[in-house]
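Engineer: Below is one structure. I have some questions about it.
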Amino acid sequence: MNPAVRLEHVHAGYGPNAILRDLSLEVPARSFFIIIGPNSAGKTTLAKTLAGQLRPQQGTVEILGRPLAAYSRRALARRVAVVPQYTPIDVPFTVLEVVLMGRSPHLTLAGLETRRDMEIAADAMAATQVSHLANRRLHQLSGGEMQRVIIARAICQQPQIIILDEPTASLDLAHQVHIMDLLEQLKETRGFTVIMISHDLNLAAMYADTLLLLHQGQVAAQGDPAQVLTYDRLEQTYGCVLLVGENPLMRKPQVTLVPGRLLASTQRYLRNNSRGT
Amino acid sequence: MNLPPPRLVQRLLAVSLALGLLLLVSLMVGLLWGSSPTDWRLCLRALVGLDPGDEVLPAILWQIRFPRVVLATLVGATLSLGGLVFQALLHNPLAEPYILGISGGAAVGAIIGILLGLAPFPGVATLAFLGSMGVMLVVIFLTPRETGDNKNALLLSGVMVNALCTALILFFVTMTQDARLHNILYWLMGDLSVALPAQIFFLGLLVLPCFIIIFLLARPLNLLYLGEEQAGYLGLNVAGVTYLLLGVTSFMLSAAVCQSGLVGFVGLVVPHLLRLWLGPEHRILVPACILGGGAYLVWCDLLARVLPSQGELPVGVITALLGAPLFIILLQRSRL
């Protein structure tokens, strides 16, 4: 099976300065792939490059075995759906109208949505549990509801790859778990390749099949969360002291931040004992 | 799960029917009611040719009032639709048909035509059309394409070029002292009083295809209204559709403005009013703006004709007098 995404020696960015520098990687099909890294590591640039929003300055991007440049926008949107970080709420569309927009890449320019499109939308809304919100307007939704609506729209595109930019960033704990469970379920039941940007290392460690640590536009580490989330690497890339232990629920790493006032004692402790895993 | 079936077509038909009837009634009233103190029943009889002896009244109705109400319909429809498209494209509730410099360019062209002593049609109209299209092209090419926020750059270029045109207009107005000054002022305030059948024919020929193109692009307009980034993710060729819409809209606005002068506020009030009533679905809003905007300007023009006891007002005075308070009420009631 072709990898969902393959990048070879990709340089990408805005203006003369490349943010991604000579980046090569593969995202296995039907996997939960989470991109982590400090601010300005190039996570969003990478997501925009994969979504066809930003043209790479150098190198090749392949989506599902075909070069990205060979796709039209419409053809790409039938295979890759994007859940952006921010959706404007000052446009009074209803939830159903927004979810149906996911059918756009399948419709002709002036085409009307058919009953079949309505069924696909209904199914997508059921999968993300927003059916009861169908006639609500966007500005009447909570943050968690909004994310689920936009994910429903992505499902409605019937893609093979879904890219999400920090979908849990502004959500409370219950909604974070709900969204992550939903994405995991989409991977299992619909065979989606889920590519997600996250700032939450612990959440990423629990759900990712593959973790990609991005640093200064390059791959700092890639692989199983246990291989990626090591003390030395995290200190190096994030530039702060962390403790890396084990998640009490499963054999996955768990990262603990160290407050400034405990920094000296923590470092002393780390020097005296073997450093974290 | 059961979702309501797609009611778009039914809604579209219902809205079009309602607003179409409104337009038809407006057209009839506009035809039958005027400054000549004739009973409307006589007008109606003359209109359908029941008084074969009377030569004057049918002539007034068919050769003076009829072209005029049709011109008002076409101009009102074009301005409202132009406002709707610009508000969606620029993602700015204050966007109106003139915001990208169309008004300034048209005015400079028209004033030059008036000063040269050309006839309103085709001389002045042609120069006004060339002026607005010229300014439009300058604005589009001046706007840097590489930057992230294209829309604000476009808006600012438009406002700046418009400011430049205003300076030129004021210069011309100050330098003009004879009767031509009156013509210039009437043009600047919007004036539908000179409506010739040939004008209507040309205008219809130019704007009707634009209406159709914009209606066909109404679903992409929904996506653009949600935001350019999202529209791209949903498979839209954003740059292509945006420039096509900008071009088509500017073209039809130039065609209308060069016939009517600067009729203000129609393009701001009508789309907002209809969006509040009908929601943001552009496949419904486009026909609604065409029919509703046409009806609105027919009524404004009627008031401009019958309100003064002598002569008539420029229709732009009425649209602003009516439009500004209406817009303020809207603003109070809605969260824009």
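Going by the structure tokens order, chains are called A, B, ..., each with residues numbered from 1, while ligands are numbered from 1 in the order shown.
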Using only C-alpha atoms, select each residue of chain A with any atom at most 9 Å away from an atom of chain B, and give the selection as an MDAnalysis selection string.
Structural biologist: chainID A and resid 15 51:53 72:78 80:84 87:94 97:98 101:106 109:115 118:119 122:123 126 131 134 154 157
Engineer: Please produce a file of the residues just selected, as a tab-separated table (two decimals), in the first residue's frame, where the atoms kept are N, CA and C atoms.
Structural biologist:
```tsv
chain	number	residue	atom	x	y	z
A	15	GLY	N	7.82	33.73	1.45
A	15	GLY	CA	8.90	34.64	1.07
A	15	GLY	C	10.21	33.88	0.91
A	51	ALA	N	-1.89	20.15	2.62
A	51	ALA	CA	-3.25	20.44	2.18
A	51	ALA	C	-3.29	21.16	0.85
A	52	GLY	N	-2.11	21.41	0.26
A	52	GLY	CA	-2.08	22.06	-1.04
A	52	GLY	C	-2.28	23.56	-0.96
A	53	GLN	N	-2.29	24.10	0.25
A	53	GLN	CA	-2.52	25.53	0.42
A	53	GLN	C	-1.23	26.31	0.17
A	72	SER	N	-5.87	18.66	-9.07
A	72	SER	CA	-6.55	19.95	-9.06
A	72	SER	C	-7.02	20.18	-7.63
A	73	ARG	N	-7.41	21.43	-7.33
A	73	ARG	CA	-7.89	21.71	-5.97
A	73	ARG	C	-9.07	20.80	-5.63
A	74	ARG	N	-9.97	20.67	-6.61
A	74	ARG	CA	-11.16	19.84	-6.38
A	74	ARG	C	-10.78	18.39	-6.13
A	75	ALA	N	-9.89	17.86	-6.96
A	75	ALA	CA	-9.50	16.46	-6.82
A	75	ALA	C	-8.81	16.25	-5.48
A	76	LEU	N	-7.99	17.21	-5.08
A	76	LEU	CA	-7.30	17.08	-3.79
A	76	LEU	C	-8.30	17.09	-2.64
A	77	ALA	N	-9.31	17.98	-2.74
A	77	ALA	CA	-10.29	18.09	-1.66
A	77	ALA	C	-11.17	16.85	-1.55
A	78	ARG	N	-11.18	16.02	-2.59
A	78	ARG	CA	-11.91	14.76	-2.49
A	78	ARG	C	-11.10	13.70	-1.74
A	80	VAL	N	-8.23	14.79	0.53
A	80	VAL	CA	-7.66	15.36	1.75
A	80	VAL	C	-8.64	16.39	2.31
A	81	ALA	N	-9.09	16.19	3.55
A	81	ALA	CA	-9.95	17.17	4.20
A	81	ALA	C	-9.16	17.85	5.30
A	82	VAL	N	-9.43	19.13	5.50
A	82	VAL	CA	-8.68	19.89	6.49
A	82	VAL	C	-9.63	20.46	7.53
A	83	VAL	N	-9.28	20.31	8.78
A	83	VAL	CA	-10.00	20.98	9.87
A	83	VAL	C	-9.07	22.08	10.36
A	84	PRO	N	-9.30	23.32	9.93
A	84	PRO	CA	-8.37	24.39	10.29
A	84	PRO	C	-8.49	24.76	11.76
A	87	THR	N	-12.30	28.67	12.57
A	87	THR	CA	-13.39	28.83	11.62
A	87	THR	C	-14.16	30.08	12.00
A	88	PRO	N	-14.39	30.98	11.04
A	88	PRO	CA	-15.11	32.21	11.40
A	88	PRO	C	-16.53	31.88	11.86
A	89	ILE	N	-16.98	32.56	12.90
A	89	ILE	CA	-18.34	32.29	13.36
A	89	ILE	C	-19.27	33.46	13.06
A	90	ASP	N	-18.73	34.51	12.42
A	90	ASP	CA	-19.57	35.68	12.17
A	90	ASP	C	-20.37	35.53	10.88
A	91	VAL	N	-20.41	34.31	10.33
A	91	VAL	CA	-21.24	34.07	9.16
A	91	VAL	C	-22.38	33.16	9.59
A	92	PRO	N	-23.61	33.66	9.50
A	92	PRO	CA	-24.73	32.94	10.14
A	92	PRO	C	-25.24	31.73	9.36
A	93	PHE	N	-24.34	30.89	8.85
A	93	PHE	CA	-24.78	29.65	8.23
A	93	PHE	C	-25.30	28.70	9.31
A	94	THR	N	-26.18	27.77	8.92
A	94	THR	CA	-26.59	26.75	9.86
A	94	THR	C	-25.58	25.60	9.82
A	97	GLU	N	-25.93	23.54	6.74
A	97	GLU	CA	-25.36	24.20	5.55
A	97	GLU	C	-23.85	24.05	5.52
A	98	VAL	N	-23.21	24.20	6.70
A	98	VAL	CA	-21.75	24.11	6.75
A	98	VAL	C	-21.29	22.68	6.48
A	101	MET	N	-21.36	21.83	2.91
A	101	MET	CA	-20.28	22.41	2.11
A	101	MET	C	-19.17	21.40	1.88
A	102	GLY	N	-19.10	20.39	2.75
A	102	GLY	CA	-18.13	19.33	2.54
A	102	GLY	C	-18.36	18.56	1.25
A	103	ARG	N	-19.56	18.67	0.69
A	103	ARG	CA	-19.84	17.99	-0.58
A	103	ARG	C	-19.31	18.78	-1.77
A	104	SER	N	-18.87	20.01	-1.53
A	104	SER	CA	-18.44	20.89	-2.63
A	104	SER	C	-17.52	20.23	-3.64
A	105	PRO	N	-16.44	19.55	-3.19
A	105	PRO	CA	-15.55	18.99	-4.21
A	105	PRO	C	-16.19	17.88	-5.04
A	106	HIS	N	-17.37	17.41	-4.64
A	106	HIS	CA	-18.04	16.35	-5.41
A	106	HIS	C	-19.13	16.91	-6.31
A	109	LEU	N	-20.01	22.91	-10.57
A	109	LEU	CA	-19.95	24.30	-10.14
A	109	LEU	C	-21.30	24.83	-9.68
A	110	ALA	N	-22.32	24.68	-10.50
A	110	ALA	CA	-23.62	25.23	-10.14
A	110	ALA	C	-24.54	24.14	-9.58
A	111	GLY	N	-23.98	22.96	-9.32
A	111	GLY	CA	-24.81	21.82	-8.97
A	111	GLY	C	-25.52	21.95	-7.63
A	112	LEU	N	-26.66	21.33	-7.54
A	112	LEU	CA	-27.41	21.29	-6.29
A	112	LEU	C	-27.07	20.00	-5.55
A	113	GLU	N	-27.13	20.05	-4.22
A	113	GLU	CA	-26.94	18.84	-3.45
A	113	GLU	C	-28.13	17.91	-3.68
A	114	THR	N	-27.83	16.64	-3.85
A	114	THR	CA	-28.90	15.68	-4.08
A	114	THR	C	-29.28	15.01	-2.76
A	115	ARG	N	-30.27	14.15	-2.83
A	115	ARG	CA	-30.67	13.39	-1.65
A	115	ARG	C	-29.50	12.56	-1.12
A	118	MET	N	-27.35	14.63	0.95
A	118	MET	CA	-27.99	14.84	2.25
A	118	MET	C	-27.75	13.65	3.15
A	119	GLU	N	-27.82	12.43	2.57
A	119	GLU	CA	-27.60	11.22	3.37
A	119	GLU	C	-26.18	11.18	3.90
A	122	ALA	N	-25.95	13.59	6.68
A	122	ALA	CA	-26.62	13.08	7.87
A	122	ALA	C	-25.76	12.04	8.58
A	123	ASP	N	-25.12	11.18	7.79
A	123	ASP	CA	-24.25	10.16	8.34
A	123	ASP	C	-23.06	10.79	9.05
A	126	ALA	N	-24.16	12.30	12.27
A	126	ALA	CA	-24.42	11.27	13.27
A	126	ALA	C	-23.10	10.77	13.86
A	131	SER	N	-26.10	15.77	15.08
A	131	SER	CA	-27.36	15.76	14.32
A	131	SER	C	-28.39	16.72	14.93
A	134	ALA	N	-28.50	20.46	13.79
A	134	ALA	CA	-28.57	20.74	12.34
A	134	ALA	C	-29.02	22.16	12.00
A	154	ALA	N	-15.59	17.61	7.29
A	154	ALA	CA	-14.45	16.89	6.71
A	154	ALA	C	-14.86	15.48	6.31
A	157	GLN	N	-16.63	15.19	3.07
A	157	GLN	CA	-15.81	15.24	1.85
A	157	GLN	C	-15.43	13.84	1.40
```
Engineer: As an MDAnalysis selection string, please: every residue in segment 113-231 of chain A that a backbone DSSP assignment puts in alpha helix (DSSP H).
Structural biologist: chainID A and resid 115:127 143:156 173:190 201:207 225:228 231
Engineer: Can you pull out every residue within 12 Å of Leu196 of chain B, counting only C-alpha atoms, but drop anything in the same chain fewer than 4 positions away, and send it as a list of chain:residue names?
Structural biologist: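 What passes the distance filter is B:Trp62, B:Gln63, B:Ile64, B:Arg65, B:Phe66, B:Pro67, B:Arg68, B:Val69, B:Val70, B:Leu71, B:Ala119, B:Pro120, B:Phe121, B:Pro122, B:Leu192, B:Ile200, B:Phe201, B:Phe202, B:Leu203, B:Gln259, B:Ser260.
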Engineer: Would you return as number ranges by chain the members of segment 30-252 of chain A that DSSP assigns to strand (DSSP E) on this structure's backbone?
Structural biologist: A: 32-36, 58-63, 66-67, 80-83, 161-165, 193-197, 210-215, 218-223, 242-246
Engineer: Export, as a PDB file, in the first residue's frame, the selected residues with C-alpha atoms.
Structural biologist:
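What landed in again_27.pdb:
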```pdb
ATOM      1  CA  PHE A  32      -2.928   8.173  13.465  1.00  0.00           C
ATOM      2  CA  PHE A  33      -0.004  10.512  12.793  1.00  0.00           C
ATOM      3  CA  ILE A  34       0.580  13.355  15.236  1.00  0.00           C
ATOM      4  CA  ILE A  35       2.971  16.231  14.625  1.00  0.00           C
ATOM      5  CA  ILE A  36       4.431  17.884  17.720  1.00  0.00           C
ATOM      6  CA  GLN A  58      11.696  22.731  -3.521  1.00  0.00           C
ATOM      7  CA  GLY A  59      11.277  18.984  -3.273  1.00  0.00           C
ATOM      8  CA  THR A  60       8.349  16.717  -3.978  1.00  0.00           C
ATOM      9  CA  VAL A  61       5.157  16.013  -2.083  1.00  0.00           C
ATOM     10  CA  GLU A  62       3.223  12.881  -2.913  1.00  0.00           C
ATOM     11  CA  ILE A  63      -0.329  12.277  -1.759  1.00  0.00           C
ATOM     12  CA  ARG A  66       0.635  10.773  -6.841  1.00  0.00           C
ATOM     13  CA  PRO A  67       2.525  14.057  -6.914  1.00  0.00           C
ATOM     14  CA  VAL A  80      -7.660  15.362   1.752  1.00  0.00           C
ATOM     15  CA  ALA A  81      -9.950  17.168   4.198  1.00  0.00           C
ATOM     16  CA  VAL A  82      -8.682  19.888   6.492  1.00  0.00           C
ATOM     17  CA  VAL A  83      -9.999  20.983   9.868  1.00  0.00           C
ATOM     18  CA  ILE A 161      -6.720  11.741   4.701  1.00  0.00           C
ATOM     19  CA  ILE A 162      -7.903  14.206   7.311  1.00  0.00           C
ATOM     20  CA  ILE A 163      -5.557  16.939   8.544  1.00  0.00           C
ATOM     21  CA  LEU A 164      -6.340  18.749  11.785  1.00  0.00           C
ATOM     22  CA  ASP A 165      -4.519  21.773  13.183  1.00  0.00           C
ATOM     23  CA  THR A 193      -5.311   8.545   7.745  1.00  0.00           C
ATOM     24  CA  VAL A 194      -5.433  11.104  10.535  1.00  0.00           C
ATOM     25  CA  ILE A 195      -2.694  13.741  10.506  1.00  0.00           C
ATOM     26  CA  MET A 196      -2.924  16.037  13.469  1.00  0.00           C
ATOM     27  CA  ILE A 197      -0.943  18.888  14.927  1.00  0.00           C
ATOM     28  CA  THR A 210       3.450   7.561  14.874  1.00  0.00           C
ATOM     29  CA  LEU A 211       4.718  10.742  16.442  1.00  0.00           C
ATOM     30  CA  LEU A 212       6.710  13.318  14.495  1.00  0.00           C
ATOM     31  CA  LEU A 213       8.786  15.789  16.478  1.00  0.00           C
ATOM     32  CA  LEU A 214       9.503  18.818  14.343  1.00  0.00           C
ATOM     33  CA  HIS A 215      12.247  21.258  15.264  1.00  0.00           C
ATOM     34  CA  GLN A 218      13.398  19.507  10.307  1.00  0.00           C
ATOM     35  CA  VAL A 219      12.544  16.106  11.684  1.00  0.00           C
ATOM     36  CA  ALA A 220      14.030  15.835  15.183  1.00  0.00           C
ATOM     37  CA  ALA A 221      12.531  12.395  15.719  1.00  0.00           C
ATOM     38  CA  GLN A 222       9.858  10.172  14.268  1.00  0.00           C
ATOM     39  CA  GLY A 223       8.366   6.885  15.376  1.00  0.00           C
ATOM     40  CA  LEU A 242      10.825  18.154  31.730  1.00  0.00           C
ATOM     41  CA  LEU A 243      10.290  14.886  33.489  1.00  0.00           C
ATOM     42  CA  VAL A 244       9.439  11.933  31.317  1.00  0.00           C
ATOM     43  CA  GLY A 245       7.753   9.090  33.144  1.00  0.00           C
ATOM     44  CA  GLU A 246       5.278   6.403  32.236  1.00  0.00           C
TER      45      GLU A 246
END
```
Engineer: Quick one: everything within 9 Å of segment 252-264 of chain A, counting only C-alpha atoms, minus sequence neighbours fewer than 2 positions away in the same chain. Send it as a ChimeraX atom specification.
Structural biologist: /A:201-202,205-206,225-226,229-231,240-250,266-269,277
Engineer: Selection from above, N, CA and C atoms, as an mmCIF file, in the first residue's frame, can you write it?
Structural biologist:
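Printed below is result_2.cif as written:
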```cif
data_model
loop_
_atom_site.group_PDB
_atom_site.id
_atom_site.type_symbol
_atom_site.label_atom_id
_atom_site.label_comp_id
_atom_site.auth_asym_id
_atom_site.auth_seq_id
_atom_site.Cartn_x
_atom_site.Cartn_y
_atom_site.Cartn_z
ATOM 1 N N LEU A 201 1.549 16.965 24.507
ATOM 2 C CA LEU A 201 2.400 15.788 24.311
ATOM 3 C C LEU A 201 1.773 14.537 24.895
ATOM 4 N N ASN A 202 1.096 14.665 26.036
ATOM 5 C CA ASN A 202 0.550 13.472 26.686
ATOM 6 C C ASN A 202 -0.626 12.897 25.890
ATOM 7 N N ALA A 205 0.863 11.260 22.906
ATOM 8 C CA ALA A 205 1.497 9.975 23.215
ATOM 9 C C ALA A 205 0.469 8.857 23.334
ATOM 10 N N MET A 206 -0.720 9.208 23.854
ATOM 11 C CA MET A 206 -1.732 8.173 24.088
ATOM 12 C C MET A 206 -2.418 7.716 22.812
ATOM 13 N N PRO A 225 5.684 6.742 20.050
ATOM 14 C CA PRO A 225 5.815 7.782 21.071
ATOM 15 C C PRO A 225 6.941 7.518 22.062
ATOM 16 N N ALA A 226 7.148 6.238 22.438
ATOM 17 C CA ALA A 226 8.192 5.937 23.419
ATOM 18 C C ALA A 226 9.589 6.260 22.882
ATOM 19 N N LEU A 229 9.520 10.617 22.568
ATOM 20 C CA LEU A 229 9.420 11.448 23.763
ATOM 21 C C LEU A 229 10.462 11.034 24.801
ATOM 22 N N THR A 230 11.706 11.366 24.541
ATOM 23 C CA THR A 230 12.744 11.077 25.526
ATOM 24 C C THR A 230 13.216 12.378 26.138
ATOM 25 N N TYR A 231 13.768 12.271 27.319
ATOM 26 C CA TYR A 231 14.144 13.461 28.074
ATOM 27 C C TYR A 231 15.078 14.365 27.279
ATOM 28 N N CYS A 240 13.423 23.377 27.598
ATOM 29 C CA CYS A 240 13.064 23.490 29.008
ATOM 30 C C CYS A 240 13.186 22.119 29.664
ATOM 31 N N VAL A 241 13.268 22.136 30.965
ATOM 32 C CA VAL A 241 13.441 20.886 31.698
ATOM 33 C C VAL A 241 12.095 20.202 31.881
ATOM 34 N N LEU A 242 12.064 18.921 31.611
ATOM 35 C CA LEU A 242 10.825 18.154 31.730
ATOM 36 C C LEU A 242 11.130 16.841 32.420
ATOM 37 N N LEU A 243 10.123 16.256 33.018
ATOM 38 C CA LEU A 243 10.290 14.886 33.489
ATOM 39 C C LEU A 243 9.535 13.985 32.535
ATOM 40 N N VAL A 244 10.151 12.883 32.166
ATOM 41 C CA VAL A 244 9.439 11.933 31.317
ATOM 42 C C VAL A 244 9.261 10.644 32.108
ATOM 43 N N GLY A 245 8.036 10.312 32.404
ATOM 44 C CA GLY A 245 7.753 9.090 33.144
ATOM 45 C C GLY A 245 6.892 8.174 32.304
ATOM 46 N N GLU A 246 6.148 7.302 32.990
ATOM 47 C CA GLU A 246 5.278 6.403 32.236
ATOM 48 C C GLU A 246 3.834 6.683 32.608
ATOM 49 N N ASN A 247 3.011 6.672 31.607
ATOM 50 C CA ASN A 247 1.582 6.845 31.809
ATOM 51 C C ASN A 247 1.055 5.693 32.660
ATOM 52 N N PRO A 248 0.344 5.991 33.756
ATOM 53 C CA PRO A 248 -0.122 4.901 34.615
ATOM 54 C C PRO A 248 -1.129 3.971 33.934
ATOM 55 N N LEU A 249 -1.750 4.435 32.845
ATOM 56 C CA LEU A 249 -2.767 3.616 32.171
ATOM 57 C C LEU A 249 -2.180 2.641 31.167
ATOM 58 N N MET A 250 -1.131 3.073 30.482
ATOM 59 C CA MET A 250 -0.615 2.251 29.383
ATOM 60 C C MET A 250 0.879 2.481 29.260
ATOM 61 N N THR A 266 14.956 20.101 40.921
ATOM 62 C CA THR A 266 14.722 19.046 39.941
ATOM 63 C C THR A 266 16.008 18.677 39.216
ATOM 64 N N GLN A 267 16.753 19.728 38.830
ATOM 65 C CA GLN A 267 17.991 19.451 38.092
ATOM 66 C C GLN A 267 18.987 18.694 38.972
ATOM 67 N N ARG A 268 19.024 19.075 40.263
ATOM 68 C CA ARG A 268 19.902 18.365 41.191
ATOM 69 C C ARG A 268 19.499 16.892 41.259
ATOM 70 N N TYR A 269 18.192 16.679 41.383
ATOM 71 C CA TYR A 269 17.665 15.318 41.464
ATOM 72 C C TYR A 269 18.020 14.523 40.224
ATOM 73 N N THR A 277 13.596 8.435 31.212
ATOM 74 C CA THR A 277 13.701 7.533 30.049
ATOM 75 C C THR A 277 13.950 8.305 28.783
#
```
